[in-house]
Amino acid sequence: MAGYRKLGRTASQRKALLRNQVTNLLYNGKIITTEAKAKEIRGIAEGFIALAVKERDNFDTVTVNAKVARKDKDGKRVKEVVDGRKVDVFDTVEKTIRKDKPSRLHARRKISAYLYDVTEVPAENAGKKKATKKIALADKLFDEIAPKYADRNGGYTRIVKIGQRKGDAAMTVLIELV
């Protein structure tokens with residue numbers, strides 16, 4: 001008996017399918033898929049959520065000095081002439097950042113290596129490439145999802161049967177984060 005469902009696909013197709021479905025589940029909170037796929041997705045997604053819950057508070061807060069370009073009222077960089085060349089003017093600003101400890105950094109990289117990048121397009125700027133932004137799902141997992149499940153011991157997803165699909169009568173389910 002195999003340790004996993006093969007889903008009628010080659011290994012590379014199956015891995016890509018599962019990565020895509022887990023990425024969409026964590027980004028949207030719920031997806032509709034077949035029962036066999038949902039049961040495979042559940043194990044992967046719950047493993048990542050459990051890892052994020054375990055490492056959610058494992059960071060140090062550090063204050064650093066950073067150079068930031070000075071900007072005028074229009075948002076353009078201020079330039080001054082030095083030795084006959086125009087150069088940007090920089091100000092030193094103190095910033096507070098979160099520095100991951102080694103185990104949290106490893107968990108973040110492990111999650112980022114598996115999940116696909118998500119590009120978000122705001123509705124009012126549809127069709128404009130400049131308006132798109134990349135969403136870091138590892139950050140969403142650590143900052144939004146993990147605190148929600150901090151006091152929960154497993155069981156982060158729910159599978160609800162919807163019914164049979166019209167074309168091939170496969171059982172479709174809704175898998176969602178609880």
# chains A, B, ... in the order shown; residues from 1 in each chain; ligands from 1
$ select_by_dssp --residues "range 4-136 of chain A" --states "helix (DSSP H, G or I)" --output "VMD selection string"
chain A and resid 11 to 28 35 to 55 102 to 114 123 to 125 129 to 131
$ write_last_selection --atoms "C-alpha atoms" --output "PDB file, in the first residue's frame"
ATOM      1  CA  ALA A  11       5.066  12.586  -9.880  1.00  0.00           C
ATOM      2  CA  SER A  12       5.861  16.045 -11.270  1.00  0.00           C
ATOM      3  CA  GLN A  13       2.220  16.742 -12.160  1.00  0.00           C
ATOM      4  CA  ARG A  14       1.063  15.570  -8.734  1.00  0.00           C
ATOM      5  CA  LYS A  15       3.602  17.735  -6.902  1.00  0.00           C
ATOM      6  CA  ALA A  16       2.654  20.804  -8.950  1.00  0.00           C
ATOM      7  CA  LEU A  17      -1.060  20.155  -8.376  1.00  0.00           C
ATOM      8  CA  LEU A  18      -0.637  19.812  -4.614  1.00  0.00           C
ATOM      9  CA  ARG A  19       1.602  22.903  -4.383  1.00  0.00           C
ATOM     10  CA  ASN A  20      -0.968  24.919  -6.322  1.00  0.00           C
ATOM     11  CA  GLN A  21      -3.916  23.699  -4.256  1.00  0.00           C
ATOM     12  CA  VAL A  22      -2.160  24.266  -0.905  1.00  0.00           C
ATOM     13  CA  THR A  23      -1.088  27.751  -2.041  1.00  0.00           C
ATOM     14  CA  ASN A  24      -4.666  28.619  -2.996  1.00  0.00           C
ATOM     15  CA  LEU A  25      -6.060  27.180   0.243  1.00  0.00           C
ATOM     16  CA  LEU A  26      -3.732  29.294   2.387  1.00  0.00           C
ATOM     17  CA  TYR A  27      -4.272  32.411   0.250  1.00  0.00           C
ATOM     18  CA  ASN A  28      -8.077  32.224  -0.092  1.00  0.00           C
ATOM     19  CA  GLU A  35     -12.341  14.417  -1.999  1.00  0.00           C
ATOM     20  CA  ALA A  36      -9.088  12.550  -2.716  1.00  0.00           C
ATOM     21  CA  LYS A  37      -7.213  15.784  -3.487  1.00  0.00           C
ATOM     22  CA  ALA A  38      -8.632  17.471  -0.375  1.00  0.00           C
ATOM     23  CA  LYS A  39      -7.422  14.661   1.863  1.00  0.00           C
ATOM     24  CA  GLU A  40      -3.886  14.997   0.443  1.00  0.00           C
ATOM     25  CA  ILE A  41      -3.955  18.808   0.709  1.00  0.00           C
ATOM     26  CA  ARG A  42      -5.132  18.639   4.325  1.00  0.00           C
ATOM     27  CA  GLY A  43      -1.971  16.928   5.565  1.00  0.00           C
ATOM     28  CA  ILE A  44       0.379  19.352   3.837  1.00  0.00           C
ATOM     29  CA  ALA A  45      -1.520  22.508   4.833  1.00  0.00           C
ATOM     30  CA  GLU A  46      -1.925  21.432   8.449  1.00  0.00           C
ATOM     31  CA  GLY A  47       1.792  20.628   8.635  1.00  0.00           C
ATOM     32  CA  PHE A  48       2.686  24.144   7.483  1.00  0.00           C
ATOM     33  CA  ILE A  49       0.192  25.755   9.861  1.00  0.00           C
ATOM     34  CA  ALA A  50       1.520  23.666  12.767  1.00  0.00           C
ATOM     35  CA  LEU A  51       5.076  24.739  11.887  1.00  0.00           C
ATOM     36  CA  ALA A  52       4.027  28.399  11.769  1.00  0.00           C
ATOM     37  CA  VAL A  53       2.171  28.117  15.094  1.00  0.00           C
ATOM     38  CA  LYS A  54       5.227  26.545  16.724  1.00  0.00           C
ATOM     39  CA  GLU A  55       7.578  29.273  15.457  1.00  0.00           C
ATOM     40  CA  PRO A 102      17.437  30.325  13.160  1.00  0.00           C
ATOM     41  CA  SER A 103      14.591  27.825  13.624  1.00  0.00           C
ATOM     42  CA  ARG A 104      11.947  30.340  12.495  1.00  0.00           C
ATOM     43  CA  LEU A 105      14.066  31.325   9.501  1.00  0.00           C
ATOM     44  CA  HIS A 106      14.406  27.646   8.552  1.00  0.00           C
ATOM     45  CA  ALA A 107      10.635  27.176   8.859  1.00  0.00           C
ATOM     46  CA  ARG A 108       9.985  30.286   6.740  1.00  0.00           C
ATOM     47  CA  ARG A 109      12.347  29.065   4.007  1.00  0.00           C
ATOM     48  CA  LYS A 110      10.856  25.571   4.089  1.00  0.00           C
ATOM     49  CA  ILE A 111       7.356  27.010   3.607  1.00  0.00           C
ATOM     50  CA  SER A 112       8.488  29.478   0.918  1.00  0.00           C
ATOM     51  CA  ALA A 113      10.252  26.703  -1.012  1.00  0.00           C
ATOM     52  CA  TYR A 114       7.005  24.722  -1.283  1.00  0.00           C
ATOM     53  CA  ALA A 123      -9.827  45.429  -8.789  1.00  0.00           C
ATOM     54  CA  GLU A 124      -9.569  49.116  -9.714  1.00  0.00           C
ATOM     55  CA  ASN A 125      -6.245  48.558 -11.527  1.00  0.00           C
ATOM     56  CA  LYS A 129       0.997  45.297 -14.678  1.00  0.00           C
ATOM     57  CA  LYS A 130       2.385  48.165 -12.610  1.00  0.00           C
ATOM     58  CA  ALA A 131      -0.415  47.885 -10.043  1.00  0.00           C
TER      59      ALA A 131
END
$ closest_residue --among "A:Thr33, A:Asn153, A:Thr119, A:Thr63" --to "Ile175 in chain A" --atoms "only C-alpha atoms"
A:Thr33
$ atom_distance --atom1 "CA of Tyr149 in chain A" --atom2 "CA of Arg98 in chain A"
21.0 Å
$ closest_residue --among "A:Tyr156, A:Phe59, A:Tyr4, A:Phe142" --to "Ile97 in chain A" --atoms "only C-alpha atoms"
A:Phe59
$ atom_distance --atom1 "CA of Val68 in chain A" --atom2 "CA of Thr96 in chain A"
14.2 Å
$ select_by_dssp --residues "chain A" --states "strand (DSSP E or B)" --output "PyMOL selection string"
chain A and resi 30-34+59-69+71+77+79-82+85-88+90-100+118-120+133-135+157-164+171-177
